[in-house]
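Presented below is the structure to which this report refers.
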Amino acid sequence: MDRTTTIILLAFASLVLAAMATTIFIYIIVPWRRRRRAAKVAASRRVQVDNSEEEQEPDTPAPSKQTKKVKQHSLFVVFDQPSEDSDERLTHWLREKGAHYDALKKIFLIDGQQPSNPVTVANAFPPGEMPDLLRGETHEPIKGISLLVKPPLRKRRNQQMHVYVELAKEMQTVFSGKMLNAEREPATDSTFEQIIDE
C-alpha cells in the first residue's frame with residue numbers, strides 16, 4: 001500500500017470515528033444532562049413550594065387542637081451566633097445522628113424510626129439548600145435550620161414524631177437558639193404535644 005492510500009484510509013477512519021462520537025454525544029450525553037438538570041430544577045421547585053406554603057399560612061393564632069391535617073411538620077432553629085464553631089457543632093451533630101446528604105435536593109436526611117419517612121434537615125436562611133457539611137464544602141456560616149417531617153398516615157405509627165420532637169429539643173439545647181413553629185412563633189410544649197398527638 002502506498003503512502004497516499006494510507007493517508008486516505010486514516011482520514012476516512014477518523015471521519016467515521018468523529019461521526020460516531022458526535023452521535024453518542026447527541027443521543028446519549030445531551031439527553032442525560034437535560035434529565036439531570038430537569039431533576040435539579042424540579043427538586044428546587046419542590047423545596048420552594050413547600051416553603052412558600054408555610055409562609056402563606058394566615059397570621060391567626062393557632063388553636064389548642066389542630067383541626068386539619070398538615071402535609072408536613074416544620075420547626076425552625078435560629079442560631080444565636082452563627083459562626084464556624086456553630087457549623088462544626090452542626091456537622092458533629094449530623095454525624096452523631098447518622099444523617100446522610102441528598103446531593104440532588106441539597107438537604108440532610110435522618111432515618112430515625114422510619115427510614116421511609118426520614119426527618120429532613122434543611123437550611124432556614126435562605127430556605128432550602130444546605131452545603132455538604134460532612135464533606136467540608138465551603139459556605140457562609142449557617143444561620144439556622146429547618147426540621148421537616150411528614151405526619152404518619154395512621155396515628156398508631158407515630159414513632160417518627162417522637163424522634164422528630166426529640167431531635168428538635170436536642171438541637172435547641174445544643175445550639176441554644178430560638179425554636180419556632182410553622183407560623184414562625186416560639187415553639188412550646190403544646191407545639192410538641194400536637195405534633196406527637198396528630
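Naming works like this for the C-alpha cells: A, B, ... for the chains as they're shown, residue 1 at the start of each chain, ligands 1 onward in shown order.
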* **Contacts of A:Gly98 within 9 Å, only C-alpha atoms, excl. fewer than 4 positions in-chain, as a list of chain:residue names** =>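 The residues satisfying every condition are A:Trp93, A:Leu94, A:Leu109, A:Ile110, A:Asp111, A:Gly112.
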* Do a neighbour search on A:Ile142 at 12 Å with only C-alpha atoms, toss out local chain neighbours closer than 6 positions, and write the hits as a PyMOL selection string. => chain A and resi 77-91+122-133+175
* Asked: Any idea what the distance is between atom CA of A:Glu96 and atom CA of A:Thr138?
  ->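 Separation between atom CA of A:Glu96 and atom CA of A:Thr138: 20.8 Å.
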* Can you pull out every residue within 9 Å of A:Arg184, counting only C-alpha atoms, but drop anything in the same chain fewer than 4 positions away, and send it as an MDAnalysis selection string? => chainID A and resid 55 75:76 179:180
Serialized selection, C-alpha atoms, as a JSON list (two decimals), in the first residue's frame:
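Below is the file that was written, result.json:
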[["chain", "number", "residue", "atom", "x", "y", "z"],
["A", 55, "GLU", "CA", -45.10, 31.37, 54.51],
["A", 75, "LEU", "CA", -39.79, 23.53, 63.15],
["A", 76, "PHE", "CA", -37.05, 26.12, 62.83],
["A", 179, "MET", "CA", -37.15, 27.33, 68.27],
["A", 180, "LEU", "CA", -40.02, 28.48, 66.03]]
* To do: Identify, with DSSP run on backbone atoms, the residues in stretch 72-165 of chain A assigned to alpha helix (DSSP H), and express the list as an MDAnalysis selection string.
  => chainID A and resid 84:96 159:165
Selected residues written out with N, CA, C and O atoms, as a PDB file, in the first residue's frame:
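Once everything was written out, this is out_10.pdb:
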ATOM      1  N   GLU A  84     -18.227  29.673  62.429  1.00  0.00           N
ATOM      2  CA  GLU A  84     -17.583  28.406  62.076  1.00  0.00           C
ATOM      3  C   GLU A  84     -17.764  27.392  63.196  1.00  0.00           C
ATOM      4  O   GLU A  84     -17.906  26.198  62.947  1.00  0.00           O
ATOM      5  N   ASP A  85     -17.767  27.880  64.425  1.00  0.00           N
ATOM      6  CA  ASP A  85     -17.954  26.997  65.581  1.00  0.00           C
ATOM      7  C   ASP A  85     -19.344  26.346  65.554  1.00  0.00           C
ATOM      8  O   ASP A  85     -19.477  25.147  65.777  1.00  0.00           O
ATOM      9  N   SER A  86     -20.378  27.132  65.255  1.00  0.00           N
ATOM     10  CA  SER A  86     -21.732  26.553  65.194  1.00  0.00           C
ATOM     11  C   SER A  86     -21.841  25.578  64.025  1.00  0.00           C
ATOM     12  O   SER A  86     -22.524  24.555  64.121  1.00  0.00           O
ATOM     13  N   ASP A  87     -21.143  25.867  62.909  1.00  0.00           N
ATOM     14  CA  ASP A  87     -21.135  24.936  61.777  1.00  0.00           C
ATOM     15  C   ASP A  87     -20.458  23.620  62.153  1.00  0.00           C
ATOM     16  O   ASP A  87     -20.909  22.541  61.762  1.00  0.00           O
ATOM     17  N   GLU A  88     -19.357  23.710  62.913  1.00  0.00           N
ATOM     18  CA  GLU A  88     -18.667  22.489  63.362  1.00  0.00           C
ATOM     19  C   GLU A  88     -19.562  21.676  64.291  1.00  0.00           C
ATOM     20  O   GLU A  88     -19.617  20.449  64.196  1.00  0.00           O
ATOM     21  N   ARG A  89     -20.275  22.367  65.195  1.00  0.00           N
ATOM     22  CA  ARG A  89     -21.193  21.654  66.099  1.00  0.00           C
ATOM     23  C   ARG A  89     -22.316  20.987  65.308  1.00  0.00           C
ATOM     24  O   ARG A  89     -22.718  19.867  65.600  1.00  0.00           O
ATOM     25  N   LEU A  90     -22.822  21.689  64.284  1.00  0.00           N
ATOM     26  CA  LEU A  90     -23.880  21.125  63.444  1.00  0.00           C
ATOM     27  C   LEU A  90     -23.374  19.899  62.696  1.00  0.00           C
ATOM     28  O   LEU A  90     -24.053  18.876  62.624  1.00  0.00           O
ATOM     29  N   THR A  91     -22.157  19.983  62.147  1.00  0.00           N
ATOM     30  CA  THR A  91     -21.556  18.846  61.440  1.00  0.00           C
ATOM     31  C   THR A  91     -21.421  17.654  62.381  1.00  0.00           C
ATOM     32  O   THR A  91     -21.775  16.526  62.025  1.00  0.00           O
ATOM     33  N   HIS A  92     -20.913  17.911  63.575  1.00  0.00           N
ATOM     34  CA  HIS A  92     -20.747  16.835  64.568  1.00  0.00           C
ATOM     35  C   HIS A  92     -22.111  16.228  64.926  1.00  0.00           C
ATOM     36  O   HIS A  92     -22.260  15.011  65.021  1.00  0.00           O
ATOM     37  N   TRP A  93     -23.125  17.073  65.115  1.00  0.00           N
ATOM     38  CA  TRP A  93     -24.468  16.610  65.475  1.00  0.00           C
ATOM     39  C   TRP A  93     -25.058  15.752  64.356  1.00  0.00           C
ATOM     40  O   TRP A  93     -25.653  14.698  64.618  1.00  0.00           O
ATOM     41  N   LEU A  94     -24.868  16.176  63.105  1.00  0.00           N
ATOM     42  CA  LEU A  94     -25.385  15.402  61.966  1.00  0.00           C
ATOM     43  C   LEU A  94     -24.713  14.034  61.890  1.00  0.00           C
ATOM     44  O   LEU A  94     -25.372  13.019  61.643  1.00  0.00           O
ATOM     45  N   ARG A  95     -23.394  14.002  62.095  1.00  0.00           N
ATOM     46  CA  ARG A  95     -22.670  12.711  62.082  1.00  0.00           C
ATOM     47  C   ARG A  95     -23.184  11.808  63.205  1.00  0.00           C
ATOM     48  O   ARG A  95     -23.406  10.616  63.015  1.00  0.00           O
ATOM     49  N   GLU A  96     -23.358  12.401  64.384  1.00  0.00           N
ATOM     50  CA  GLU A  96     -23.818  11.650  65.558  1.00  0.00           C
ATOM     51  C   GLU A  96     -25.199  11.027  65.307  1.00  0.00           C
ATOM     52  O   GLU A  96     -25.489   9.932  65.769  1.00  0.00           O
ATOM     53  N   GLN A 159     -44.135   6.788  65.774  1.00  0.00           N
ATOM     54  CA  GLN A 159     -42.813   6.702  66.417  1.00  0.00           C
ATOM     55  C   GLN A 159     -41.871   7.775  65.872  1.00  0.00           C
ATOM     56  O   GLN A 159     -41.072   8.338  66.610  1.00  0.00           O
ATOM     57  N   GLN A 160     -41.992   8.061  64.561  1.00  0.00           N
ATOM     58  CA  GLN A 160     -41.101   9.046  63.955  1.00  0.00           C
ATOM     59  C   GLN A 160     -41.380  10.451  64.505  1.00  0.00           C
ATOM     60  O   GLN A 160     -40.472  11.275  64.568  1.00  0.00           O
ATOM     61  N   MET A 161     -42.618  10.702  64.942  1.00  0.00           N
ATOM     62  CA  MET A 161     -42.924  12.024  65.505  1.00  0.00           C
ATOM     63  C   MET A 161     -42.208  12.214  66.845  1.00  0.00           C
ATOM     64  O   MET A 161     -41.757  13.308  67.171  1.00  0.00           O
ATOM     65  N   HIS A 162     -42.091  11.126  67.622  1.00  0.00           N
ATOM     66  CA  HIS A 162     -41.335  11.184  68.881  1.00  0.00           C
ATOM     67  C   HIS A 162     -39.865  11.490  68.587  1.00  0.00           C
ATOM     68  O   HIS A 162     -39.243  12.317  69.275  1.00  0.00           O
ATOM     69  N   VAL A 163     -39.310  10.808  67.568  1.00  0.00           N
ATOM     70  CA  VAL A 163     -37.919  11.051  67.176  1.00  0.00           C
ATOM     71  C   VAL A 163     -37.752  12.502  66.738  1.00  0.00           C
ATOM     72  O   VAL A 163     -36.810  13.182  67.130  1.00  0.00           O
ATOM     73  N   TYR A 164     -38.692  12.983  65.945  1.00  0.00           N
ATOM     74  CA  TYR A 164     -38.656  14.356  65.419  1.00  0.00           C
ATOM     75  C   TYR A 164     -38.630  15.382  66.555  1.00  0.00           C
ATOM     76  O   TYR A 164     -37.805  16.301  66.562  1.00  0.00           O
ATOM     77  N   VAL A 165     -39.510  15.205  67.532  1.00  0.00           N
ATOM     78  CA  VAL A 165     -39.588  16.141  68.653  1.00  0.00           C
ATOM     79  C   VAL A 165     -38.303  16.083  69.480  1.00  0.00           C
ATOM     80  O   VAL A 165     -37.761  17.118  69.886  1.00  0.00           O
TER      81      VAL A 165
END
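With distances taken over only C-alpha atoms, A:Val119 is the one residue among A:Ala182, A:Ala42, A:Leu15, A:Val119 lying closest to A:Pro151.
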* Among stretch 118-182 of chain A, which residues carry a DSSP assignment of strand (DSSP E), reported as a VMD selection string? -> chain A and resid 119 to 124 127 to 128 144 to 149 178 to 180
Those selected residues, please, written with all heavy atoms and delivered as a short mmCIF file (atom, residue, chain, number, x, y, z; two decimals), in the first residue's frame.
data_model
loop_
_atom_site.label_atom_id
_atom_site.label_comp_id
_atom_site.auth_asym_id
_atom_site.auth_seq_id
_atom_site.Cartn_x
_atom_site.Cartn_y
_atom_site.Cartn_z
N VAL A 119 -36.51 12.33 58.71
CA VAL A 119 -36.56 13.72 59.15
C VAL A 119 -35.60 14.50 58.25
O VAL A 119 -34.45 14.11 58.07
CB VAL A 119 -36.13 13.86 60.63
CG1 VAL A 119 -36.06 15.32 61.04
CG2 VAL A 119 -37.08 13.09 61.53
N THR A 120 -36.09 15.60 57.67
CA THR A 120 -35.29 16.42 56.76
C THR A 120 -34.68 17.58 57.53
O THR A 120 -35.36 18.24 58.31
CB THR A 120 -36.17 16.96 55.62
OG1 THR A 120 -36.73 15.87 54.91
CG2 THR A 120 -35.38 17.83 54.67
N VAL A 121 -33.39 17.80 57.29
CA VAL A 121 -32.69 18.96 57.87
C VAL A 121 -32.28 19.84 56.69
O VAL A 121 -31.48 19.43 55.85
CB VAL A 121 -31.45 18.53 58.67
CG1 VAL A 121 -30.75 19.73 59.27
CG2 VAL A 121 -31.83 17.52 59.76
N ALA A 122 -32.86 21.04 56.62
CA ALA A 122 -32.59 21.95 55.51
C ALA A 122 -32.16 23.31 56.06
O ALA A 122 -32.35 23.61 57.23
CB ALA A 122 -33.84 22.11 54.64
N ASN A 123 -31.60 24.11 55.19
CA ASN A 123 -31.19 25.46 55.57
C ASN A 123 -32.43 26.33 55.75
O ASN A 123 -33.36 26.25 54.97
CB ASN A 123 -30.29 26.04 54.48
CG ASN A 123 -29.43 27.17 54.98
OD1 ASN A 123 -29.70 27.77 56.01
ND2 ASN A 123 -28.37 27.47 54.26
N ALA A 124 -32.46 27.16 56.77
CA ALA A 124 -33.61 28.03 57.01
C ALA A 124 -33.40 29.42 56.41
O ALA A 124 -34.36 30.10 56.07
CB ALA A 124 -33.88 28.15 58.50
N PRO A 127 -34.11 29.69 52.62
CA PRO A 127 -34.79 28.40 52.73
C PRO A 127 -34.29 27.40 51.70
O PRO A 127 -34.07 27.74 50.55
CB PRO A 127 -36.26 28.75 52.46
CG PRO A 127 -36.37 30.21 52.67
CD PRO A 127 -35.03 30.79 52.35
N GLY A 128 -34.13 26.16 52.16
CA GLY A 128 -33.84 25.08 51.22
C GLY A 128 -32.45 24.49 51.32
O GLY A 128 -32.16 23.72 52.22
N GLY A 144 -29.41 29.18 60.62
CA GLY A 144 -30.48 28.41 61.24
C GLY A 144 -30.89 27.26 60.33
O GLY A 144 -30.54 27.24 59.16
N ILE A 145 -31.61 26.31 60.90
CA ILE A 145 -32.03 25.16 60.10
C ILE A 145 -33.52 24.90 60.27
O ILE A 145 -34.13 25.31 61.25
CB ILE A 145 -31.21 23.89 60.44
CG1 ILE A 145 -31.34 23.54 61.92
CG2 ILE A 145 -29.77 24.04 60.09
CD1 ILE A 145 -32.01 22.25 62.10
N SER A 146 -34.06 24.20 59.28
CA SER A 146 -35.46 23.75 59.33
C SER A 146 -35.45 22.25 59.56
O SER A 146 -34.67 21.54 58.93
CB SER A 146 -36.16 24.02 58.00
OG SER A 146 -36.00 25.33 57.60
N LEU A 147 -36.31 21.79 60.44
CA LEU A 147 -36.53 20.36 60.65
C LEU A 147 -37.92 20.05 60.10
O LEU A 147 -38.90 20.65 60.54
CB LEU A 147 -36.46 20.00 62.12
CG LEU A 147 -35.08 20.01 62.77
CD1 LEU A 147 -35.20 19.85 64.26
CD2 LEU A 147 -34.21 18.91 62.20
N LEU A 148 -38.00 19.14 59.15
CA LEU A 148 -39.26 18.83 58.48
C LEU A 148 -39.52 17.33 58.52
O LEU A 148 -38.60 16.53 58.40
CB LEU A 148 -39.20 19.29 57.02
CG LEU A 148 -38.68 20.71 56.76
CD1 LEU A 148 -38.30 20.89 55.31
CD2 LEU A 148 -39.72 21.72 57.16
N VAL A 149 -40.80 16.98 58.67
CA VAL A 149 -41.19 15.57 58.61
C VAL A 149 -42.67 15.50 58.25
O VAL A 149 -43.45 16.37 58.62
CB VAL A 149 -40.91 14.82 59.94
CG1 VAL A 149 -41.87 15.24 61.03
CG2 VAL A 149 -40.93 13.31 59.75
N LYS A 178 -33.27 29.98 69.10
CA LYS A 178 -34.72 30.12 69.20
C LYS A 178 -35.38 29.02 68.39
O LYS A 178 -35.00 28.77 67.25
CB LYS A 178 -35.16 31.47 68.65
CG LYS A 178 -34.98 32.61 69.62
CD LYS A 178 -35.64 33.86 69.08
CE LYS A 178 -34.59 34.68 68.37
NZ LYS A 178 -35.08 35.90 67.79
N MET A 179 -36.38 28.35 68.96
CA MET A 179 -37.15 27.33 68.27
C MET A 179 -38.48 27.96 67.85
O MET A 179 -39.21 28.50 68.69
CB MET A 179 -37.39 26.13 69.19
CG MET A 179 -38.33 25.09 68.61
SD MET A 179 -37.56 24.06 67.37
CE MET A 179 -36.43 23.13 68.36
N LEU A 180 -38.77 27.91 66.54
CA LEU A 180 -40.02 28.48 66.03
C LEU A 180 -40.85 27.39 65.38
O LEU A 180 -40.32 26.43 64.81
CB LEU A 180 -39.71 29.56 64.98
CG LEU A 180 -38.79 30.71 65.42
CD1 LEU A 180 -38.51 31.64 64.25
CD2 LEU A 180 -39.40 31.47 66.58
#
* All residues 10 Å or closer to A:Phe192, only C-alpha atoms, same chain fewer than 2 positions away omitted, as a PyMOL selection string -> chain A and resi 75+161-162+164-166+168-169+181+187-190+194-197
* To do: Have a look at atom CA of A:Arg135 and atom CA of A:His73 and let me know their distance in Å, one decimal.
  =>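 So the answer is 28.0 Å.
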* To do: Have a look at atom CA of A:Asp102 and atom CA of A:Arg34 and let me know their distance in Å, one decimal.
  =>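 Going from atom CA of A:Asp102 over to atom CA of A:Arg34, I get 19.6 Å.
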